$ cat upload11.txt   # compact mmCIF, C-alpha atoms
# COMPACT_ATOMS: atom_id res chain seq x y z
CA MET K 1 0.00 0.00 0.00
CA LYS K 2 1.46 3.32 -1.07
CA ASN K 3 0.98 6.33 1.09
CA LEU K 4 1.00 10.05 1.06
CA ASN K 5 3.41 12.14 3.08
CA ILE K 6 2.90 15.83 3.59
CA ASN K 7 5.71 18.17 4.59
CA HIS K 8 4.86 21.62 5.84
CA ARG K 9 7.30 24.52 5.46
CA GLN K 10 6.98 28.19 6.11
CA VAL K 11 8.44 30.44 3.43
CA GLY K 12 8.02 34.04 4.58
CA ASN K 13 4.31 34.63 4.89
CA TYR K 14 3.43 31.55 2.92
CA ASP K 15 2.69 28.00 3.97
CA VAL K 16 4.06 25.42 1.62
CA LEU K 17 2.74 21.88 1.63
CA GLU K 18 4.88 19.33 -0.18
CA LEU K 19 2.92 16.29 -1.29
CA ILE K 20 4.91 13.10 -1.62
CA GLY K 21 3.32 9.93 -2.96
CA GLU K 22 -0.23 9.27 -4.12
CA LEU K 23 -3.34 11.33 -3.49
CA ASP K 24 -6.49 9.22 -3.83
CA ALA K 25 -9.68 8.45 -1.91
CA HIS K 26 -7.59 6.71 0.73
CA THR K 27 -5.09 9.49 1.36
CA ALA K 28 -7.21 12.59 0.61
CA SER K 29 -8.28 12.86 4.26
CA GLN K 30 -4.64 13.46 5.28
CA LEU K 31 -4.41 16.50 3.02
CA GLU K 32 -7.83 17.65 4.16
CA LYS K 33 -6.72 17.55 7.80
CA VAL K 34 -3.62 19.63 7.13
CA LEU K 35 -5.49 22.19 5.02
CA LYS K 36 -8.24 22.51 7.61
CA ARG K 37 -5.68 23.09 10.34
CA LEU K 38 -3.99 25.85 8.33
CA ILE K 39 -7.30 27.53 7.57
CA ASN K 40 -8.32 27.33 11.23
CA GLN K 41 -5.03 29.03 12.12
CA GLU K 42 -5.99 31.78 9.67
CA LYS K 43 -3.21 30.86 7.31
CA HIS K 44 -4.72 31.55 3.95
CA ASN K 45 -1.77 31.88 1.61
CA ILE K 46 -1.04 28.29 0.80
CA ILE K 47 1.21 26.77 -1.84
CA VAL K 48 0.93 23.09 -2.60
CA ASN K 49 4.17 21.87 -4.12
CA CYS K 50 3.43 18.74 -6.16
CA GLU K 51 6.97 17.92 -7.25
CA ASP K 52 6.92 14.49 -5.60
CA LEU K 53 3.24 13.81 -6.14
CA GLU K 54 3.21 10.74 -8.34
CA TYR K 55 -0.51 10.29 -8.79
CA ILE K 56 -3.81 12.05 -8.20
CA ALA K 57 -7.42 10.84 -8.47
CA SER K 58 -10.56 12.96 -8.31
CA ALA K 59 -10.86 12.44 -4.55
CA GLY K 60 -7.61 14.40 -4.29
CA LEU K 61 -8.88 17.15 -6.57
CA GLY K 62 -12.02 17.21 -4.43
CA VAL K 63 -10.02 18.46 -1.44
CA PHE K 64 -8.90 21.51 -3.42
CA MET K 65 -12.48 22.02 -4.62
CA ALA K 66 -13.83 21.97 -1.07
CA TYR K 67 -11.45 24.50 0.49
CA ILE K 68 -10.51 27.01 -2.20
CA GLU K 69 -13.50 29.26 -1.50
CA ASP K 70 -12.70 29.33 2.22
CA VAL K 71 -9.29 30.89 1.58
CA ARG K 72 -10.31 33.07 -1.35
CA SER K 73 -13.21 34.59 0.56
CA VAL K 74 -10.68 36.06 3.01
CA GLY K 75 -8.22 37.21 0.39
CA GLY K 76 -6.01 34.13 0.33
CA ASP K 77 -5.49 31.40 -2.20
CA ILE K 78 -4.26 27.87 -2.69
CA LYS K 79 -1.72 27.86 -5.50
CA LEU K 80 -0.29 24.69 -6.96
CA SER K 81 3.21 24.22 -8.29
CA ASN K 82 5.77 21.78 -9.72
CA MET K 83 3.28 19.23 -11.07
CA ASN K 84 4.57 16.43 -13.25
CA PRO K 85 2.83 16.19 -16.65
CA LYS K 86 0.74 13.15 -15.66
CA VAL K 87 -0.67 14.84 -12.58
CA TYR K 88 -1.20 18.09 -14.50
CA ASN K 89 -3.15 16.17 -17.13
CA VAL K 90 -5.76 15.13 -14.54
CA PHE K 91 -6.24 18.75 -13.42
CA ASP K 92 -6.44 19.75 -17.06
CA LEU K 93 -9.09 17.14 -17.94
CA LEU K 94 -11.40 18.79 -15.42
CA GLY K 95 -10.63 22.35 -16.47
CA PHE K 96 -8.78 23.25 -13.27
CA PRO K 97 -6.12 25.43 -14.96
CA THR K 98 -8.71 28.15 -15.59
CA LEU K 99 -9.94 28.03 -11.98
CA TYR K 100 -6.69 27.62 -10.05
CA ASP K 101 -3.23 29.12 -10.24
CA ILE K 102 -1.05 26.23 -11.35
CA VAL K 103 2.55 27.28 -11.92
CA PRO K 104 5.71 25.41 -12.90
CA GLU K 105 7.81 26.51 -9.90
CA GLU K 106 7.12 27.26 -6.25
CA GLU K 107 8.95 30.57 -6.62
CA GLU K 108 6.40 31.67 -9.22
CA ALA K 109 3.56 30.90 -6.81
CA ILE K 110 5.19 33.22 -4.27
CA GLN K 111 5.62 35.93 -6.90
CA LYS K 112 1.96 35.56 -7.85
CA PHE K 113 0.89 35.97 -4.25
CA GLU K 114 3.03 39.09 -4.02
CA SER K 115 1.61 40.59 -7.18
CA ASP K 116 -1.95 39.66 -6.07
CA GLU K 117 -1.34 41.63 -2.87
CA SER K 118 -0.03 44.72 -4.62
CA GLU K 119 -3.07 44.87 -6.91
CA MET W 1 -9.33 -10.49 -8.71
CA THR W 2 -11.75 -10.04 -5.84
CA VAL W 3 -11.06 -7.30 -3.30
CA GLU W 4 -12.75 -5.88 -0.25
CA ALA W 5 -14.58 -2.64 -0.88
CA SER W 6 -12.06 -0.46 0.92
CA THR W 7 -9.92 2.45 -0.23
CA GLU W 8 -7.03 0.66 1.47
CA HIS W 9 -6.81 -1.51 -1.63
CA LEU W 10 -6.91 1.30 -4.19
CA SER W 11 -3.21 1.32 -5.04
CA GLU W 12 -3.13 -2.48 -5.24
CA VAL W 13 -6.07 -2.50 -7.68
CA ARG W 14 -4.56 0.30 -9.78
CA ASP W 15 -1.22 -1.46 -9.98
CA PHE W 16 -2.82 -4.77 -10.92
CA VAL W 17 -4.74 -3.25 -13.83
CA ALA W 18 -1.88 -1.00 -14.95
CA GLU W 19 0.52 -3.91 -15.11
CA HIS W 20 -1.80 -5.81 -17.44
CA ALA W 21 -2.54 -2.72 -19.54
CA ALA W 22 1.19 -2.14 -20.03
CA ALA W 23 1.70 -5.78 -20.96
CA PHE W 24 -1.09 -5.40 -23.53
CA GLY W 25 1.03 -2.73 -25.24
CA PHE W 26 -0.50 0.57 -24.22
CA ASN W 27 1.82 3.56 -23.97
CA GLN W 28 2.51 5.33 -20.67
CA GLN W 29 -0.29 7.87 -21.04
CA GLU W 30 -2.83 5.19 -21.98
CA VAL W 31 -1.79 3.09 -18.98
CA ALA W 32 -2.17 6.18 -16.79
CA ASP W 33 -5.66 6.78 -18.23
CA ILE W 34 -6.75 3.21 -17.49
CA ARG W 35 -5.19 3.36 -14.00
CA LEU W 36 -7.19 6.47 -13.16
CA ALA W 37 -10.45 5.20 -14.70
CA VAL W 38 -10.26 2.02 -12.61
CA ASP W 39 -9.49 4.05 -9.48
CA GLU W 40 -12.55 6.24 -10.07
CA ALA W 41 -14.87 3.30 -10.77
CA TYR W 42 -13.66 1.32 -7.75
CA THR W 43 -13.85 4.41 -5.50
CA ASN W 44 -17.44 5.06 -6.64
CA ILE W 45 -18.41 1.49 -5.78
CA ILE W 46 -16.82 1.76 -2.31
CA LYS W 47 -18.46 5.11 -1.55
CA HIS W 48 -21.81 4.90 -3.32
CA ALA W 49 -22.71 1.28 -4.03
CA TYR W 50 -21.48 0.00 -0.66
CA GLN W 51 -21.33 3.24 1.36
CA ASN W 52 -17.93 2.40 2.78
CA ASN W 53 -18.90 -1.01 4.08
CA ALA W 54 -15.60 -2.89 3.80
CA ASP W 55 -17.33 -6.24 4.42
CA GLU W 56 -18.51 -6.10 0.82
CA THR W 57 -16.39 -7.13 -2.11
CA VAL W 58 -15.74 -5.97 -5.65
CA GLU W 59 -14.80 -8.28 -8.47
CA ILE W 60 -12.42 -6.99 -11.10
CA GLU W 61 -12.05 -8.75 -14.43
CA LEU W 62 -9.79 -7.92 -17.33
CA GLY W 63 -10.26 -8.89 -20.95
CA TYR W 64 -8.78 -8.10 -24.30
CA ASN W 65 -8.77 -8.97 -27.98
CA ASN W 66 -6.53 -7.76 -30.81
CA THR W 67 -7.52 -4.13 -30.60
CA LYS W 68 -9.32 -3.60 -27.30
CA PHE W 69 -8.64 -3.94 -23.60
CA TRP W 70 -11.46 -3.81 -21.08
CA VAL W 71 -11.84 -3.72 -17.32
CA THR W 72 -15.03 -4.90 -15.69
CA LEU W 73 -15.97 -4.17 -12.08
CA LEU W 74 -18.87 -6.02 -10.48
CA ASP W 75 -20.67 -5.19 -7.25
CA THR W 76 -23.94 -6.07 -5.56
CA GLY W 77 -24.57 -2.72 -3.87
CA ASN W 78 -26.76 0.26 -4.76
CA THR W 79 -27.22 0.70 -8.48
CA PHE W 80 -25.83 3.82 -10.13
CA ASP W 81 -28.49 5.47 -12.25
CA VAL W 82 -26.56 6.58 -15.28
CA THR W 83 -29.59 8.39 -16.74
CA LYS W 84 -29.53 10.88 -13.84
CA TYR W 85 -25.92 11.78 -14.47
CA SER W 86 -24.98 15.11 -16.00
CA LYS W 87 -21.66 16.75 -16.72
CA PRO W 88 -20.35 18.45 -13.58
CA ASN W 89 -19.96 22.22 -13.50
CA ILE W 90 -16.67 22.47 -11.59
CA CYS W 91 -16.85 26.25 -11.19
CA GLN W 92 -20.29 26.00 -9.60
CA ARG W 93 -19.27 23.12 -7.35
CA ILE W 94 -16.27 25.08 -6.06
CA LYS W 95 -18.53 28.01 -5.17
CA GLU W 96 -20.78 25.64 -3.26
CA LYS W 97 -17.72 24.08 -1.56
CA LYS W 98 -18.73 20.73 -2.95
CA ARG W 99 -16.32 18.05 -3.91
CA GLY W 100 -16.49 14.92 -5.94
CA GLY W 101 -19.08 14.04 -8.51
CA VAL W 102 -16.46 14.17 -11.22
CA GLY W 103 -15.35 10.52 -11.31
CA VAL W 104 -17.92 9.38 -13.84
CA TYR W 105 -17.07 12.30 -16.09
CA LEU W 106 -13.36 11.44 -15.86
CA ILE W 107 -13.97 7.78 -16.67
CA ARG W 108 -15.82 8.78 -19.84
CA LYS W 109 -13.02 11.11 -20.88
CA LEU W 110 -10.31 8.54 -20.21
CA MET W 111 -11.88 5.47 -21.81
CA ASP W 112 -13.31 4.88 -25.29
CA ASP W 113 -16.45 3.10 -24.16
CA VAL W 114 -18.22 2.78 -20.80
CA GLU W 115 -21.19 0.50 -20.25
CA TYR W 116 -23.32 0.06 -17.15
CA GLN W 117 -25.54 -2.95 -16.60
CA THR W 118 -27.54 -4.37 -13.71
CA GLU W 119 -28.69 -7.95 -13.77
CA ASP W 120 -29.79 -10.20 -10.89
CA ALA W 121 -28.75 -7.57 -8.34
CA THR W 122 -25.23 -7.40 -9.77
CA ASN W 123 -24.04 -4.08 -11.14
CA THR W 124 -21.44 -4.13 -13.85
CA ILE W 125 -19.35 -1.34 -15.25
CA ARG W 126 -17.27 -2.22 -18.27
CA MET W 127 -14.69 0.28 -19.44
CA THR W 128 -12.98 -0.29 -22.77
CA LYS W 129 -9.90 1.29 -24.28
CA ILE W 130 -8.93 0.83 -27.91
CA LYS W 131 -5.29 0.47 -28.85
$ encode --input "upload11.txt" --output "structure tokens"
Amino acid sequence: MKNLNINHRQVGNYDVLELIGELDAHTASQLEKVLKRLINQEKHNIIVNCEDLEYIASAGLGVFMAYIEDVRSVGGDIKLSNMNPKVYNVFDLLGFPTLYDIVPEEEEAIQKFESDESE
Amino acid sequence: MTVEASTEHLSEVRDFVAEHAAAFGFNQQEVADIRLAVDEAYTNIIKHAYQNNADETVEIELGYNNTKFWVTLLDTGNTFDVTKYSKPNICQRIKEKKRGGVGVYLIRKLMDDVEYQTEDATNTIRMTKIK
């Protein structure tokens, strides 16, 4: 049984979650728990780094669907970065790239947050 | 193979099907498509047909001919009414903080043919991919 590991780092004012492994209906609750905790702590500028995410199913996408409004309604966002092409393809099939900021590098997600704030 | 209806077995089921799909000669992307379609179908059975009752089981059968490869999942839980299904509006669902409801849509996008059948209290979903 493959698992999901989630590393949490603080980069300036941003909370970065690194996803390692597979995000499916079995592991989605782990991500949900971490996201909920951040939101409860009023941390609303979240970057999810998917560099080591090998696989995603719709249950994983569902977690992003369920919490994005919570952070956006208070001026924050969940931005996604460093996806491999296979994982990106699943987001793309469902039209996520028009609804979410998905960027190649974590650094770009930070820059986007900074330019969002100065707008 | 027959497996308990539990998300614990998701990666095992995915790997089993993917291994056979690769051996059939599909390329990496096609194998990934089949892997995800099976995941979505099996997850739907666990959550909706059996409502997370891990005492139930799901049967998974593979078949192929010269040009086609198919995966069949059988369960004896609640029947999925395919006629009530409509394409999900992701933007709307996000606004309503709703998740899920996109698995069936994904399966249809990933596979060339999807058939649902219920006979003698057994539900069957057969997903076919053409090489």
$ atom_distance --input "upload11.txt" --atom1 "CA of Thr43 (chain W)" --atom2 "CA of Ser6 (chain W)"
8.3 Å
$ residues_around --input "upload11.txt" --residues "region 72-83 of chain W" --least-positions-apart "5" --cutoff "7 Å" --atoms "only C-alpha atoms" --output "VMD selection string"
chain W and resid 48 to 50 57 to 62 121 to 127
$ closest_residue --input "upload11.txt" --among "W:Asp39, W:Glu4, W:Asp120, W:Asp113" --to "chain K" --atoms "only C-alpha atoms"
W:Asp39
$ residues_around --input "upload11.txt" --residues "Gly100 (chain W)" --least-positions-apart "3" --cutoff "9 Å" --atoms "all atoms listed in the file" --output "ChimeraX atom specification"
/K:58-59,61-63,65-66 /W:93,103
$ interface_residues --input "upload11.txt" --of "chain W" --to "chain K" --cutoff "7 Å" --atoms "all atoms listed in the file" --output "list in words"
Thr7, Glu8, Ser11, Glu12, Leu36, Thr43, Ile94, Lys95, Lys97, Lys98, Arg99, Gly100, Val102 and Gly103 of chain W
$ closest_residue --input "upload11.txt" --among "W:Leu10, W:Leu106, W:Thr128, W:Phe24" --to "Asn66 (chain W)" --atoms "all atoms listed in the file"
W:Phe24
$ atom_distance --input "upload11.txt" --atom1 "CA of Glu105 (chain K)" --atom2 "CA of Cys91 (chain W)"
24.7 Å
$ residues_around --input "upload11.txt" --residues "Ile78 (chain K)" --least-positions-apart "2" --cutoff "10 Å" --atoms "all atoms listed in the file" --output "PyMOL selection string"
chain K and resi 15-16+35+44-48+64+67-72+76+80+100-102+109+113
$ closest_residue --input "upload11.txt" --among "K:Glu114, K:Glu54, K:Glu42, K:Glu108" --to "Met83 (chain K)" --atoms "only C-alpha atoms"
K:Glu54
$ residues_near_point --input "upload11.txt" --point "(0.8, 2.1, -17.9)" --cutoff "12 Å" --atoms "all atoms listed in the file" --output "number ranges by chain"
K: 86; W: 14-36
$ write_last_selection --input "upload11.txt" --atoms "C-alpha atoms" --output "PDB file, keeping the file's coordinate frame"
ATOM      1  CA  LYS K  86       0.740  13.150 -15.660  1.00  0.00           C
TER       2      LYS K  86
ATOM      3  CA  ARG W  14      -4.560   0.300  -9.780  1.00  0.00           C
ATOM      4  CA  ASP W  15      -1.220  -1.460  -9.980  1.00  0.00           C
ATOM      5  CA  PHE W  16      -2.820  -4.770 -10.920  1.00  0.00           C
ATOM      6  CA  VAL W  17      -4.740  -3.250 -13.830  1.00  0.00           C
ATOM      7  CA  ALA W  18      -1.880  -1.000 -14.950  1.00  0.00           C
ATOM      8  CA  GLU W  19       0.520  -3.910 -15.110  1.00  0.00           C
ATOM      9  CA  HIS W  20      -1.800  -5.810 -17.440  1.00  0.00           C
ATOM     10  CA  ALA W  21      -2.540  -2.720 -19.540  1.00  0.00           C
ATOM     11  CA  ALA W  22       1.190  -2.140 -20.030  1.00  0.00           C
ATOM     12  CA  ALA W  23       1.700  -5.780 -20.960  1.00  0.00           C
ATOM     13  CA  PHE W  24      -1.090  -5.400 -23.530  1.00  0.00           C
ATOM     14  CA  GLY W  25       1.030  -2.730 -25.240  1.00  0.00           C
ATOM     15  CA  PHE W  26      -0.500   0.570 -24.220  1.00  0.00           C
ATOM     16  CA  ASN W  27       1.820   3.560 -23.970  1.00  0.00           C
ATOM     17  CA  GLN W  28       2.510   5.330 -20.670  1.00  0.00           C
ATOM     18  CA  GLN W  29      -0.290   7.870 -21.040  1.00  0.00           C
ATOM     19  CA  GLU W  30      -2.830   5.190 -21.980  1.00  0.00           C
ATOM     20  CA  VAL W  31      -1.790   3.090 -18.980  1.00  0.00           C
ATOM     21  CA  ALA W  32      -2.170   6.180 -16.790  1.00  0.00           C
ATOM     22  CA  ASP W  33      -5.660   6.780 -18.230  1.00  0.00           C
ATOM     23  CA  ILE W  34      -6.750   3.210 -17.490  1.00  0.00           C
ATOM     24  CA  ARG W  35      -5.190   3.360 -14.000  1.00  0.00           C
ATOM     25  CA  LEU W  36      -7.190   6.470 -13.160  1.00  0.00           C
TER      26      LEU W  36
END
$ atom_distance --input "upload11.txt" --atom1 "CA of Ala37 (chain W)" --atom2 "CA of Glu96 (chain W)"
25.6 Å
$ closest_residue --input "upload11.txt" --among "W:Tyr64, W:Ile90, W:Gln51, W:Gln117" --to "Pro97 (chain K)" --atoms "only C-alpha atoms"
W:Ile90
